[in-house]
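Everything below belongs to run-v7.txt, which stores compact mmCIF, C-alpha atoms.
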# COMPACT_ATOMS: atom_id res chain seq x y z
CA MET A 1 20.34 -17.23 11.65
CA ILE A 2 22.74 -19.77 10.16
CA ARG A 3 21.47 -22.43 12.56
CA LEU A 4 17.89 -21.59 11.57
CA ALA A 5 18.74 -22.51 7.99
CA ASN A 6 18.66 -26.14 9.07
CA PRO A 7 15.03 -27.24 8.52
CA HIS A 8 15.17 -29.86 11.28
CA TYR A 9 16.33 -27.37 13.88
CA PHE A 10 13.74 -24.91 12.63
CA LEU A 11 10.95 -27.50 12.78
CA SER A 12 11.68 -28.54 16.36
CA LEU A 13 11.88 -24.89 17.41
CA SER A 14 8.66 -23.93 15.63
CA ARG A 15 6.79 -26.91 17.13
CA LYS A 16 7.65 -25.64 20.61
CA LEU A 17 6.96 -22.02 19.72
CA THR A 18 3.59 -22.39 17.95
CA PRO A 19 1.34 -23.22 20.98
CA TRP A 20 2.83 -20.44 23.14
CA LEU A 21 2.43 -17.89 20.37
CA ALA A 22 -1.13 -19.07 19.74
CA ILE A 23 -2.07 -18.79 23.44
CA ALA A 24 -0.44 -15.36 23.72
CA GLY A 25 -2.10 -14.21 20.49
CA ILE A 26 -5.58 -15.29 21.60
CA LEU A 27 -5.19 -13.86 25.14
CA PHE A 28 -3.82 -10.49 24.00
CA SER A 29 -6.33 -10.15 21.15
CA LEU A 30 -9.31 -11.08 23.33
CA SER A 31 -8.32 -8.78 26.19
CA GLY A 32 -7.67 -5.93 23.76
CA ILE A 33 -10.94 -6.46 21.89
CA LEU A 34 -13.05 -6.90 25.06
CA GLY A 35 -11.36 -3.93 26.71
CA GLY A 36 -11.91 -1.85 23.60
CA LEU A 37 -15.56 -2.90 23.37
CA PHE A 38 -16.66 -2.55 26.99
CA LEU A 39 -14.14 -0.68 29.12
CA THR A 40 -13.05 2.37 27.13
CA PRO A 41 -15.31 5.44 27.01
CA PRO A 42 -16.80 6.41 23.62
CA ASP A 43 -14.99 9.17 21.75
CA TYR A 44 -16.50 12.66 22.22
CA LEU A 45 -16.65 13.21 18.44
CA GLN A 46 -16.86 9.80 16.78
CA GLY A 47 -18.91 8.07 19.49
CA GLU A 48 -18.93 4.27 19.47
CA THR A 49 -17.50 3.87 15.98
CA VAL A 50 -14.03 4.73 17.26
CA ARG A 51 -13.81 1.19 18.70
CA ILE A 52 -13.11 -0.27 15.26
CA LEU A 53 -9.71 1.38 15.59
CA TYR A 54 -8.57 -1.47 17.85
CA ILE A 55 -8.93 -3.85 14.89
CA HIS A 56 -8.17 -1.46 12.04
CA VAL A 57 -4.79 -0.16 13.23
CA PRO A 58 -3.22 -3.58 13.98
CA THR A 59 -4.42 -4.99 10.63
CA ALA A 60 -2.97 -1.96 8.81
CA TRP A 61 0.30 -2.38 10.68
CA LEU A 62 0.44 -6.08 9.78
CA ALA A 63 -0.51 -5.38 6.15
CA MET A 64 2.58 -3.19 5.78
CA GLY A 65 4.72 -5.20 8.19
CA GLY A 66 3.81 -8.32 6.22
CA TRP A 67 5.10 -6.98 2.93
CA SER A 68 8.20 -5.50 4.62
CA SER A 69 8.96 -8.94 6.09
CA ILE A 70 8.36 -10.64 2.74
CA ALA A 71 10.71 -8.17 1.04
CA LEU A 72 13.33 -8.62 3.78
CA ALA A 73 13.10 -12.42 3.63
CA SER A 74 13.34 -12.23 -0.17
CA LEU A 75 16.49 -10.12 0.14
CA VAL A 76 17.99 -12.70 2.53
CA GLN A 77 17.01 -15.48 0.12
CA PHE A 78 18.61 -13.59 -2.74
CA ILE A 79 21.88 -12.57 -1.11
CA TRP A 80 22.67 -15.51 1.17
CA ARG A 81 20.67 -18.21 -0.66
CA HIS A 82 19.07 -18.95 2.72
CA PRO A 83 16.73 -21.89 1.98
CA LEU A 84 14.18 -21.11 4.71
CA ALA A 85 13.94 -17.41 3.87
CA GLY A 86 12.12 -18.14 0.62
CA ILE A 87 9.73 -20.49 2.43
CA ALA A 88 9.13 -17.84 5.09
CA ALA A 89 8.38 -15.18 2.48
CA LYS A 90 5.96 -17.48 0.72
CA ALA A 91 4.29 -18.42 4.02
CA MET A 92 3.78 -14.80 5.07
CA ALA A 93 1.92 -13.84 1.89
CA LEU A 94 -1.40 -15.42 2.90
CA PRO A 95 -1.73 -13.86 6.38
CA GLY A 96 -0.46 -10.59 4.88
CA ALA A 97 -3.19 -10.59 2.25
CA LEU A 98 -5.73 -11.60 4.92
CA PHE A 99 -4.83 -8.68 7.20
CA THR A 100 -4.74 -6.25 4.26
CA GLY A 101 -8.25 -7.38 3.31
CA LEU A 102 -9.40 -6.95 6.94
CA CYS A 103 -7.78 -3.52 7.05
CA LEU A 104 -9.68 -2.41 3.93
CA LEU A 105 -12.91 -3.95 5.24
CA THR A 106 -12.77 -2.40 8.72
CA GLY A 107 -11.72 0.94 7.23
CA SER A 108 -14.67 0.81 4.89
CA ILE A 109 -17.11 -0.07 7.69
CA TRP A 110 -15.70 2.78 9.79
CA GLY A 111 -15.76 5.18 6.84
CA ARG A 112 -19.49 4.79 6.20
CA PRO A 113 -20.76 6.49 9.40
CA THR A 114 -17.73 8.78 9.82
CA TRP A 115 -16.96 10.01 6.32
CA GLY A 116 -20.37 9.15 4.86
CA THR A 117 -18.92 6.87 2.20
CA TRP A 118 -17.83 3.23 1.93
CA TRP A 119 -14.96 4.10 -0.36
CA GLU A 120 -13.09 7.20 -1.41
CA TRP A 121 -10.22 7.44 -3.90
CA ASP A 122 -7.92 8.93 -1.33
CA GLY A 123 -4.15 8.41 -1.43
CA ARG A 124 -3.96 6.12 1.61
CA LEU A 125 -6.95 3.98 0.60
CA THR A 126 -5.78 3.64 -2.98
CA SER A 127 -2.22 2.68 -2.06
CA VAL A 128 -3.44 0.04 0.43
CA LEU A 129 -5.76 -1.35 -2.26
CA VAL A 130 -2.73 -1.56 -4.58
CA LEU A 131 -0.89 -3.40 -1.79
CA PHE A 132 -3.76 -5.90 -1.61
CA PHE A 133 -3.44 -6.58 -5.35
CA LEU A 134 0.35 -6.88 -5.00
CA TYR A 135 -0.24 -9.57 -2.35
CA LEU A 136 -2.62 -11.43 -4.69
CA GLY A 137 -0.12 -11.20 -7.56
CA TYR A 138 2.70 -12.40 -5.31
CA ILE A 139 0.61 -15.36 -4.07
CA ALA A 140 -0.33 -16.33 -7.65
CA LEU A 141 3.30 -16.11 -8.78
CA SER A 142 4.74 -17.98 -5.78
CA ARG A 143 2.16 -20.75 -6.16
CA SER A 144 3.23 -21.45 -9.72
CA VAL A 145 6.94 -21.91 -8.92
CA SER A 146 8.51 -24.82 -7.09
CA ASN A 147 9.89 -24.21 -3.57
CA TYR A 148 13.19 -25.95 -4.07
CA SER A 149 14.27 -24.72 -7.49
CA THR A 150 15.94 -21.48 -8.51
CA THR A 151 12.62 -20.25 -9.95
CA SER A 152 11.52 -19.56 -6.35
CA ARG A 153 13.69 -16.43 -6.69
CA LEU A 154 11.21 -14.97 -9.23
CA PRO A 155 8.52 -14.13 -6.63
CA ALA A 156 11.33 -12.79 -4.42
CA LEU A 157 12.20 -10.29 -7.17
CA TYR A 158 8.54 -9.30 -7.42
CA ALA A 159 8.37 -8.79 -3.64
CA LEU A 160 11.40 -6.47 -3.76
CA LEU A 161 9.92 -4.55 -6.68
CA GLY A 162 6.57 -4.18 -4.88
CA ALA A 163 8.27 -2.82 -1.76
CA ILE A 164 8.31 0.61 -3.46
CA ASN A 165 4.64 0.82 -2.50
CA LEU A 166 5.45 0.81 1.25
CA PRO A 167 6.93 4.33 1.48
CA ILE A 168 4.09 5.52 -0.77
CA ILE A 169 1.52 4.13 1.70
CA HIS A 170 3.39 5.61 4.66
CA TYR A 171 3.71 9.11 3.19
CA SER A 172 0.38 9.10 1.34
CA VAL A 173 -1.34 10.96 4.18
CA LEU A 174 1.27 13.71 3.95
CA TRP A 175 1.48 13.93 0.15
CA TRP A 176 -2.24 13.85 -0.59
CA ARG A 177 -4.11 15.48 2.28
CA THR A 178 -7.49 14.33 1.08
CA LEU A 179 -9.47 12.25 3.55
CA HIS A 180 -7.53 9.74 5.63
CA GLN A 181 -6.16 11.29 8.81
CA GLY A 182 -2.46 11.71 9.34
CA GLN A 183 -0.28 9.70 11.67
CA SER A 184 -1.55 9.96 15.25
CA ILE A 185 0.89 7.66 17.05
CA ASN A 186 4.62 7.16 17.04
CA LEU A 187 6.92 5.55 19.58
CA THR A 188 7.22 8.57 21.86
CA HIS A 189 4.09 10.59 21.32
CA SER A 190 0.40 9.98 20.75
CA SER A 191 -2.42 12.37 19.89
CA ILE A 192 -4.96 9.79 21.12
CA ASP A 193 -6.10 10.13 24.74
CA PRO A 194 -4.54 7.45 27.05
CA SER A 195 -8.01 6.35 28.27
CA LEU A 196 -8.82 5.34 24.68
CA LEU A 197 -5.35 4.12 23.75
CA TRP A 198 -4.57 1.30 26.19
CA PRO A 199 -6.32 -1.63 24.38
CA LEU A 200 -4.47 -0.80 21.16
CA PRO A 201 -1.05 -2.22 22.14
CA LEU A 202 -2.84 -5.37 23.37
CA THR A 203 -4.51 -6.04 20.01
CA LEU A 204 -1.31 -5.01 18.24
CA ILE A 205 0.71 -7.67 20.12
CA GLY A 206 -2.13 -10.21 19.88
CA PHE A 207 -2.63 -9.85 16.14
CA SER A 208 1.13 -9.94 15.53
CA CYS A 209 1.33 -13.23 17.48
CA LEU A 210 -1.54 -14.64 15.40
CA PHE A 211 0.24 -13.52 12.23
CA ALA A 212 3.36 -15.36 13.41
CA VAL A 213 1.33 -18.49 14.25
CA ILE A 214 -0.25 -18.60 10.78
CA THR A 215 3.19 -18.05 9.23
CA LEU A 216 4.78 -20.87 11.25
CA PHE A 217 1.91 -23.24 10.42
CA ARG A 218 2.24 -22.44 6.73
CA MET A 219 6.03 -22.82 6.80
CA ARG A 220 5.63 -26.26 8.37
CA TYR A 221 3.06 -27.14 5.73
CA LEU A 222 5.33 -25.94 2.90
CA LEU A 223 8.31 -27.86 4.30
CA ALA A 224 6.22 -31.02 4.72
CA HIS A 225 4.93 -30.65 1.18
CA ALA A 226 8.46 -30.23 -0.21
CA GLN A 227 9.50 -33.37 1.69
CA TYR A 228 6.55 -35.28 0.27
CA GLU A 229 7.45 -34.17 -3.26
CA ALA A 230 11.08 -35.22 -2.78
CA ARG A 231 9.91 -38.62 -1.49
CA LEU A 232 7.64 -39.05 -4.53
CA ARG A 233 10.59 -38.25 -6.82
CA ARG A 234 12.77 -40.83 -5.04
CA MET A 235 10.02 -43.46 -5.36
CA ALA A 236 9.65 -42.69 -9.05
CA ALA A 237 13.41 -43.00 -9.53
CA LEU A 238 13.55 -46.46 -7.93
CA MET B 239 4.90 -13.42 -37.65
CA ILE B 240 6.53 -10.88 -35.32
CA GLY B 241 5.93 -8.04 -37.78
CA ALA B 242 2.18 -8.59 -37.72
CA ALA B 243 2.07 -9.12 -33.95
CA VAL B 244 3.53 -5.64 -33.39
CA PHE B 245 0.32 -4.02 -34.63
CA LEU B 246 -2.08 -6.09 -32.53
CA PRO B 247 -1.75 -3.94 -29.37
CA ILE B 248 -2.19 -0.80 -31.50
CA LEU B 249 -5.31 -2.22 -33.14
CA PHE B 250 -6.61 -3.12 -29.68
CA PHE B 251 -5.98 0.47 -28.53
CA LEU B 252 -7.88 1.91 -31.52
CA LEU B 253 -10.72 -0.60 -31.06
CA VAL B 254 -11.24 0.61 -27.49
CA ALA B 255 -11.48 4.17 -28.84
CA VAL B 256 -14.12 2.96 -31.30
CA LEU B 257 -16.07 0.89 -28.76
CA PHE B 258 -16.22 3.51 -26.00
CA PRO B 259 -18.61 5.87 -27.85
CA PHE B 260 -20.94 2.90 -28.50
CA ALA B 261 -21.03 2.26 -24.73
CA VAL B 262 -21.52 5.80 -23.37
CA GLY B 263 -23.21 7.39 -26.38
CA SER B 264 -21.76 9.81 -28.90
CA ASP B 265 -22.34 12.96 -26.83
CA ARG B 266 -19.28 15.11 -27.59
CA MET B 267 -19.24 16.71 -24.14
CA ILE B 268 -19.03 13.37 -22.33
CA LEU B 269 -16.53 11.96 -24.82
CA SER B 270 -14.12 14.87 -24.67
CA ARG B 271 -14.30 15.02 -20.86
CA THR B 272 -13.73 11.29 -20.23
CA GLY B 273 -11.86 10.37 -23.42
CA SER B 274 -8.28 10.96 -22.30
CA GLY B 275 -8.72 8.76 -19.22
CA VAL B 276 -10.19 6.00 -21.37
CA LEU B 277 -7.19 6.19 -23.69
CA TRP B 278 -4.80 5.90 -20.73
CA VAL B 279 -6.58 2.74 -19.52
CA ALA B 280 -6.64 1.40 -23.09
CA ALA B 281 -2.88 2.00 -23.39
CA LEU B 282 -2.24 0.14 -20.12
CA LEU B 283 -4.35 -2.81 -21.22
CA ALA B 284 -2.77 -2.81 -24.68
CA SER B 285 0.65 -3.03 -23.03
CA LEU B 286 -0.37 -6.42 -21.60
CA LEU B 287 -0.79 -7.98 -25.05
CA PRO B 288 2.84 -8.14 -26.25
CA ILE B 289 4.26 -9.45 -22.94
CA ASP B 290 4.03 -13.10 -23.98
CA ARG B 291 6.41 -12.64 -26.87
CA LEU B 292 8.98 -10.39 -25.18
CA VAL B 293 11.13 -13.00 -23.42
CA THR B 294 9.58 -16.48 -23.76
CA PRO B 295 10.41 -17.09 -27.48
CA ASP B 296 14.03 -16.07 -26.90
CA ILE B 297 14.33 -18.51 -24.00
CA GLU B 298 12.85 -21.29 -26.13
CA ASN B 299 15.25 -20.49 -28.98
CA GLY B 300 18.19 -20.42 -26.59
CA PHE B 301 19.19 -16.85 -27.48
CA PHE B 302 20.01 -15.98 -23.89
CA ASP B 303 22.35 -18.96 -23.58
CA HIS B 304 24.16 -17.76 -26.70
CA TYR B 305 24.52 -14.26 -25.27
CA ALA B 306 25.71 -15.74 -21.98
CA ALA B 307 28.31 -17.79 -23.91
CA ARG B 308 29.49 -14.58 -25.60
CA ASN B 309 29.93 -13.11 -22.12
CA ILE B 310 27.35 -10.35 -22.65
CA SER B 311 25.71 -9.58 -19.32
CA GLU B 312 21.95 -10.05 -18.94
CA GLU B 313 21.60 -6.44 -17.79
CA TRP B 314 22.76 -5.13 -21.19
CA ILE B 315 20.43 -7.54 -22.99
CA ALA B 316 17.65 -6.18 -20.79
CA VAL B 317 18.48 -2.58 -21.77
CA ALA B 318 18.44 -3.54 -25.47
CA ARG B 319 15.17 -5.39 -25.03
CA ILE B 320 13.50 -2.44 -23.30
CA ILE B 321 14.59 -0.03 -26.07
CA ALA B 322 13.38 -2.45 -28.76
CA HIS B 323 10.06 -2.96 -26.98
CA TRP B 324 9.62 0.81 -26.58
CA LEU B 325 10.27 1.37 -30.29
CA SER B 326 7.89 -1.36 -31.43
CA PHE B 327 5.11 -0.65 -28.91
CA ALA B 328 5.24 2.94 -27.69
CA VAL B 329 6.09 4.75 -30.92
CA PRO B 330 3.16 3.24 -32.90
CA LEU B 331 0.97 3.85 -29.85
CA MET B 332 1.83 7.55 -29.82
CA VAL B 333 1.00 7.72 -33.53
CA ALA B 334 -2.30 5.91 -32.91
CA LEU B 335 -3.14 8.44 -30.19
CA LEU B 336 -3.95 11.02 -32.90
CA PRO B 337 -6.80 9.09 -34.63
CA ALA B 338 -7.99 7.84 -31.22
CA SER B 339 -8.21 11.43 -29.96
CA MET B 340 -10.17 12.41 -33.08
CA LEU B 341 -12.60 9.54 -32.50
CA LEU B 342 -13.24 10.72 -28.93
CA SER B 343 -13.29 14.41 -30.00
CA LEU B 344 -10.57 15.47 -27.58
CA ASP B 345 -9.42 19.12 -27.58
CA TRP B 346 -6.05 19.84 -29.17
CA SER B 347 -4.62 20.96 -25.84
CA VAL B 348 -5.73 17.68 -24.24
CA PHE B 349 -4.27 15.74 -27.15
CA TRP B 350 -0.85 17.39 -26.82
CA LYS B 351 -0.83 16.92 -23.04
CA SER B 352 -1.73 13.24 -23.51
CA GLU B 353 1.01 12.90 -26.11
CA ALA B 354 3.54 14.42 -23.71
CA GLY B 355 2.23 12.15 -20.95
CA PHE B 356 2.58 9.08 -23.18
CA LEU B 357 6.12 10.15 -24.09
CA LEU B 358 7.03 10.27 -20.38
CA ALA B 359 5.07 7.19 -19.28
CA THR B 360 5.84 4.68 -22.04
CA PRO B 361 9.56 4.16 -21.21
CA GLY B 362 8.51 3.11 -17.70
CA LEU B 363 5.66 1.03 -19.07
CA ALA B 364 8.00 -0.70 -21.54
CA ALA B 365 10.48 -1.42 -18.73
CA LEU B 366 7.67 -2.79 -16.54
CA GLY B 367 6.41 -4.96 -19.42
CA VAL B 368 9.82 -6.54 -19.98
CA MET B 369 10.24 -7.04 -16.21
CA ILE B 370 6.94 -8.91 -15.89
CA ALA B 371 7.76 -10.88 -19.07
CA ALA B 372 11.10 -11.97 -17.57
CA LEU B 373 9.48 -12.84 -14.21
CA THR B 374 6.76 -15.01 -15.77
CA ALA B 375 8.71 -16.55 -18.68
CA ARG B 376 9.79 -19.66 -16.77
CA VAL B 377 6.60 -20.04 -14.75
CA LYS B 378 3.83 -22.52 -15.43
CA ALA B 379 0.84 -20.66 -16.92
CA GLY B 380 2.82 -17.45 -16.53
CA SER B 381 0.89 -15.56 -19.17
CA ALA B 382 -2.28 -15.83 -17.08
CA LEU B 383 -0.50 -13.89 -14.32
CA THR B 384 0.74 -10.91 -16.33
CA ALA B 385 -2.29 -8.66 -15.79
CA LEU B 386 -2.38 -9.30 -12.04
CA LEU B 387 1.35 -8.66 -11.71
CA LEU B 388 1.67 -5.65 -14.02
CA LEU B 389 -1.39 -3.50 -13.38
CA PRO B 390 -0.83 -2.75 -9.64
CA LEU B 391 2.69 -1.53 -10.42
CA ALA B 392 1.40 0.60 -13.32
CA VAL B 393 -1.09 2.49 -11.11
CA PRO B 394 1.29 5.45 -10.43
CA LEU B 395 1.80 5.95 -14.19
CA LEU B 396 -1.97 6.01 -14.69
CA ILE B 397 -2.68 8.36 -11.77
CA PHE B 398 0.04 10.88 -12.61
CA GLY B 399 -0.52 10.57 -16.36
CA CYS B 400 -4.22 11.37 -16.09
CA GLY B 401 -3.46 14.01 -13.45
CA ALA B 402 -1.06 15.70 -15.85
CA VAL B 403 -3.69 15.79 -18.60
CA ASP B 404 -6.32 17.09 -16.16
CA GLY B 405 -4.09 19.88 -14.97
CA HIS B 406 -5.61 19.64 -11.47
CA GLN B 407 -2.59 18.04 -9.85
CA PRO B 408 0.39 20.39 -9.70
CA GLY B 409 3.66 18.70 -10.61
CA ALA B 410 1.94 15.64 -12.07
CA PHE B 411 4.26 15.68 -15.10
CA LEU B 412 7.28 15.62 -12.80
CA LEU B 413 5.84 12.78 -10.70
CA LEU B 414 4.99 10.89 -13.90
CA ALA B 415 8.55 11.28 -15.13
CA ALA B 416 9.87 10.20 -11.71
CA SER B 417 7.74 7.01 -11.65
CA SER B 418 8.76 6.20 -15.20
CA LEU B 419 12.43 6.82 -14.43
CA PHE B 420 12.26 4.62 -11.32
CA LEU B 421 10.85 1.69 -13.30
CA LEU B 422 13.44 2.27 -16.04
CA ALA B 423 16.28 2.39 -13.51
CA VAL B 424 15.47 -0.83 -11.64
CA ALA B 425 14.34 -2.81 -14.69
CA PRO B 426 17.75 -3.98 -16.07
CA PHE B 427 18.73 -5.42 -12.68
CA VAL B 428 15.38 -7.16 -12.06
CA ILE B 429 15.36 -8.56 -15.62
CA GLY B 430 19.01 -9.62 -15.38
CA ALA B 431 18.41 -11.47 -12.11
CA ALA B 432 15.23 -13.09 -13.49
CA LEU B 433 17.00 -14.28 -16.65
CA ARG B 434 19.90 -15.76 -14.65
CA VAL B 435 17.46 -17.77 -12.49
CA GLY B 436 16.67 -20.13 -15.34
CA GLN B 437 20.23 -20.49 -16.55
CA GLU B 438 21.48 -21.74 -13.20
CA GLY B 439 18.60 -24.12 -12.52

As structure tokens:
Amino acid sequence: MIRLANPHYFLSLSRKLTPWLAIAGILFSLSGILGGLFLTPPDYLQGETVRILYIHVPTAWLAMGGWSSIALASLVQFIWRHPLAGIAAKAMALPGALFTGLCLLTGSIWGRPTWGTWWEWDGRLTSVLVLFFLYLGYIALSRSVSNYSTTSRLPALYALLGAINLPIIHYSVLWWRTLHQGQSINLTHSSIDPSLLWPLPLTLIGFSCLFAVITLFRMRYLLAHAQYEARLRRMAAL
Amino acid sequence: MIGAAVFLPILFFLLVAVLFPFAVGSDRMILSRTGSGVLWVAALLASLLPIDRLVTPDIENGFFDHYAARNISEEWIAVARIIAHWLSFAVPLMVALLPASMLLSLDWSVFWKSEAGFLLATPGLAALGVMIAALTARVKAGSALTALLLLPLAVPLLIFGCGAVDGHQPGAFLLLAASSLFLLAVAPFVIGAALRVGQEG
């Protein structure tokens, strides 16, 4: 982790890593999506609409995983003054917001035929919508501070404060038993039939790889932009 | 200047109570059923108005540098600022709740429940306001961000506050107090860290 703090080492590593992650992400996502669309049988109760699960669950996982990672990176930035951690947190905000938006969208599309409504003010839905607005607020705040000054710690504080929403999202299906179903999968047990379940890990891995690719691209962009700004300052000083 | 500015959020709150009957009609049934929720939203929006003058003027005047030179920690300044903000914003707001409830023809029981809800929610709301003020004080165009940053974090106060007035959610008063207490507990540390950011840079 100390070695990663060196931007040059990080850049050379991320240049090698990006194409492999992109290939893996596309392959896993495509196989999961195609498998989910054509190979799995329709659910006995929900019929064909169940297939949206292969998109919805990974996006929901990345929506929460995204904010957890931002909060963790912010903590690292705060405690160890790790220069790349702040950049990483800032870079993850956009894909995080994207996947949260996709999660809300796919959930809404699935909810229409299944629950008979596009939107319901249920605990899970509401807390994920709040997460989406937290992402937007974080992006707006992190855009208006400079990457290489101490003010970049302000969005980090906001990320840590917003992390309180994550346990609320997780437990919302237990606390308010209104509409969204409870947890069906954990590491050791699943209430989903194996014949329906197998494409889900594929899209989960694929989408996570794509999340990582977007993050690495954005980190490289943010580092390049900081370098360009520093160069401009040096030219102005001459 | 500051004396007059204190009453602007309260005037805003009362104006919403005046405007709402124009929008939905003066039917007493509708007003008394929806009125308390409207007042909660109005209170949240009114809490956005004073944020600009909570921290920024003191940074410009160099007050925080003076306190730092006197070796007073930022956390204690944050506590003092939250108490001062609560006194100047929440207490007048709770007084203004009475005429606002009359305007929306709320029942007395609803009025007292709202008053109790405001009493529990406003310490958390004051703490949240000072936190967002400290986070945006040193940011370009920070005041444009306050609504986007504050409102998502205020959602629990709104949900449990209105739930407590409704009486449909059991334990809503306790959850409201818990959310408020959480915001109050973390606020001095968030504000302290945010104030130190500018002093080092």

Could you write out as a ChimeraX atom specification the residues of chain A within 12 Å of chain B, counting only C-alpha atoms?
-> /A:78-79,121-123,126-146,148-165,168,175-176

What's the 9 Å shell around B:Ala281, counting all atoms listed in the file, without same-chain residues fewer than 6 positions away, as a list in words?
-> Pro247, Ile248, Phe250, Phe251, Leu331 and Phe356 of chain B

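Going from atom CA of A:Phe10 over to atom CA of A:Leu210, you cover 18.6 Å.
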
Find, counting all atoms listed in the file, the residue in B:Gly355, B:Gly409, B:Gly401, B:Gly362 that gets nearest to B:Ser285.
-> B:Gly362

Could you give me, as a Markdown table, a per-residue list for stretch 264-353 of chain B showing, wherever an atom lies at most 12 Å from an atom of stretch 410-418 of chain B, the closest pair of atoms and their distance in Å to one decimal, using only C-alpha atoms and sorting by chain then residue number from low to high?
| residue | atom | partner | partner_atom | distance |
| --- | --- | --- | --- | --- |
| B:Lys351 | CA | B:Phe411 | CA | 9.5 |
| B:Ser352 | CA | B:Phe411 | CA | 10.6 |
| B:Glu353 | CA | B:Phe411 | CA | 11.8 |

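A straight line drawn from atom CA of A:Leu21 to atom CA of A:Gly101 is 22.7 Å long.
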
Please produce stretch 293-306 of chain B, completed to N, CA, C and O atoms, as a PDB file, keeping the file's coordinate frame.
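Okay, rebuild_0.pdb is ready:
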ATOM      1  N   VAL B 293       9.999 -12.240 -23.953  1.00  0.00           N
ATOM      2  CA  VAL B 293      11.130 -13.000 -23.420  1.00  0.00           C
ATOM      3  C   VAL B 293      11.004 -14.496 -23.745  1.00  0.00           C
ATOM      4  O   VAL B 293      11.986 -15.141 -24.102  1.00  0.00           O
ATOM      5  N   THR B 294       9.774 -15.037 -23.634  1.00  0.00           N
ATOM      6  CA  THR B 294       9.580 -16.480 -23.760  1.00  0.00           C
ATOM      7  C   THR B 294      10.138 -17.061 -25.065  1.00  0.00           C
ATOM      8  O   THR B 294      10.853 -18.071 -25.008  1.00  0.00           O
ATOM      9  N   PRO B 295       9.862 -16.477 -26.258  1.00  0.00           N
ATOM     10  CA  PRO B 295      10.410 -17.090 -27.480  1.00  0.00           C
ATOM     11  C   PRO B 295      11.931 -17.136 -27.484  1.00  0.00           C
ATOM     12  O   PRO B 295      12.516 -18.124 -27.955  1.00  0.00           O
ATOM     13  N   ASP B 296      12.574 -16.092 -26.923  1.00  0.00           N
ATOM     14  CA  ASP B 296      14.030 -16.070 -26.900  1.00  0.00           C
ATOM     15  C   ASP B 296      14.597 -17.141 -25.976  1.00  0.00           C
ATOM     16  O   ASP B 296      15.669 -17.695 -26.239  1.00  0.00           O
ATOM     17  N   ILE B 297      13.874 -17.433 -24.880  1.00  0.00           N
ATOM     18  CA  ILE B 297      14.330 -18.510 -24.000  1.00  0.00           C
ATOM     19  C   ILE B 297      14.205 -19.844 -24.722  1.00  0.00           C
ATOM     20  O   ILE B 297      15.113 -20.679 -24.693  1.00  0.00           O
ATOM     21  N   GLU B 298      13.058 -20.020 -25.421  1.00  0.00           N
ATOM     22  CA  GLU B 298      12.850 -21.290 -26.130  1.00  0.00           C
ATOM     23  C   GLU B 298      13.880 -21.487 -27.230  1.00  0.00           C
ATOM     24  O   GLU B 298      14.339 -22.607 -27.477  1.00  0.00           O
ATOM     25  N   ASN B 299      14.256 -20.383 -27.923  1.00  0.00           N
ATOM     26  CA  ASN B 299      15.250 -20.490 -28.980  1.00  0.00           C
ATOM     27  C   ASN B 299      16.671 -20.597 -28.450  1.00  0.00           C
ATOM     28  O   ASN B 299      17.597 -20.832 -29.234  1.00  0.00           O
ATOM     29  N   GLY B 300      16.857 -20.357 -27.158  1.00  0.00           N
ATOM     30  CA  GLY B 300      18.190 -20.420 -26.590  1.00  0.00           C
ATOM     31  C   GLY B 300      19.041 -19.194 -26.857  1.00  0.00           C
ATOM     32  O   GLY B 300      20.267 -19.253 -26.738  1.00  0.00           O
ATOM     33  N   PHE B 301      18.408 -18.064 -27.210  1.00  0.00           N
ATOM     34  CA  PHE B 301      19.190 -16.850 -27.480  1.00  0.00           C
ATOM     35  C   PHE B 301      19.994 -16.427 -26.259  1.00  0.00           C
ATOM     36  O   PHE B 301      21.157 -16.050 -26.374  1.00  0.00           O
ATOM     37  N   PHE B 302      19.327 -16.491 -25.076  1.00  0.00           N
ATOM     38  CA  PHE B 302      20.010 -15.980 -23.890  1.00  0.00           C
ATOM     39  C   PHE B 302      21.231 -16.818 -23.552  1.00  0.00           C
ATOM     40  O   PHE B 302      22.232 -16.294 -23.064  1.00  0.00           O
ATOM     41  N   ASP B 303      21.169 -18.128 -23.825  1.00  0.00           N
ATOM     42  CA  ASP B 303      22.350 -18.960 -23.580  1.00  0.00           C
ATOM     43  C   ASP B 303      23.487 -18.560 -24.511  1.00  0.00           C
ATOM     44  O   ASP B 303      24.650 -18.546 -24.113  1.00  0.00           O
ATOM     45  N   HIS B 304      23.134 -18.208 -25.761  1.00  0.00           N
ATOM     46  CA  HIS B 304      24.160 -17.760 -26.700  1.00  0.00           C
ATOM     47  C   HIS B 304      24.821 -16.471 -26.221  1.00  0.00           C
ATOM     48  O   HIS B 304      26.043 -16.346 -26.238  1.00  0.00           O
ATOM     49  N   TYR B 305      23.961 -15.517 -25.770  1.00  0.00           N
ATOM     50  CA  TYR B 305      24.520 -14.260 -25.270  1.00  0.00           C
ATOM     51  C   TYR B 305      25.398 -14.523 -24.060  1.00  0.00           C
ATOM     52  O   TYR B 305      26.459 -13.918 -23.915  1.00  0.00           O
ATOM     53  N   ALA B 306      24.927 -15.419 -23.176  1.00  0.00           N
ATOM     54  CA  ALA B 306      25.710 -15.740 -21.980  1.00  0.00           C
ATOM     55  C   ALA B 306      27.057 -16.327 -22.399  1.00  0.00           C
ATOM     56  O   ALA B 306      28.098 -16.008 -21.809  1.00  0.00           O
TER      57      ALA B 306
END
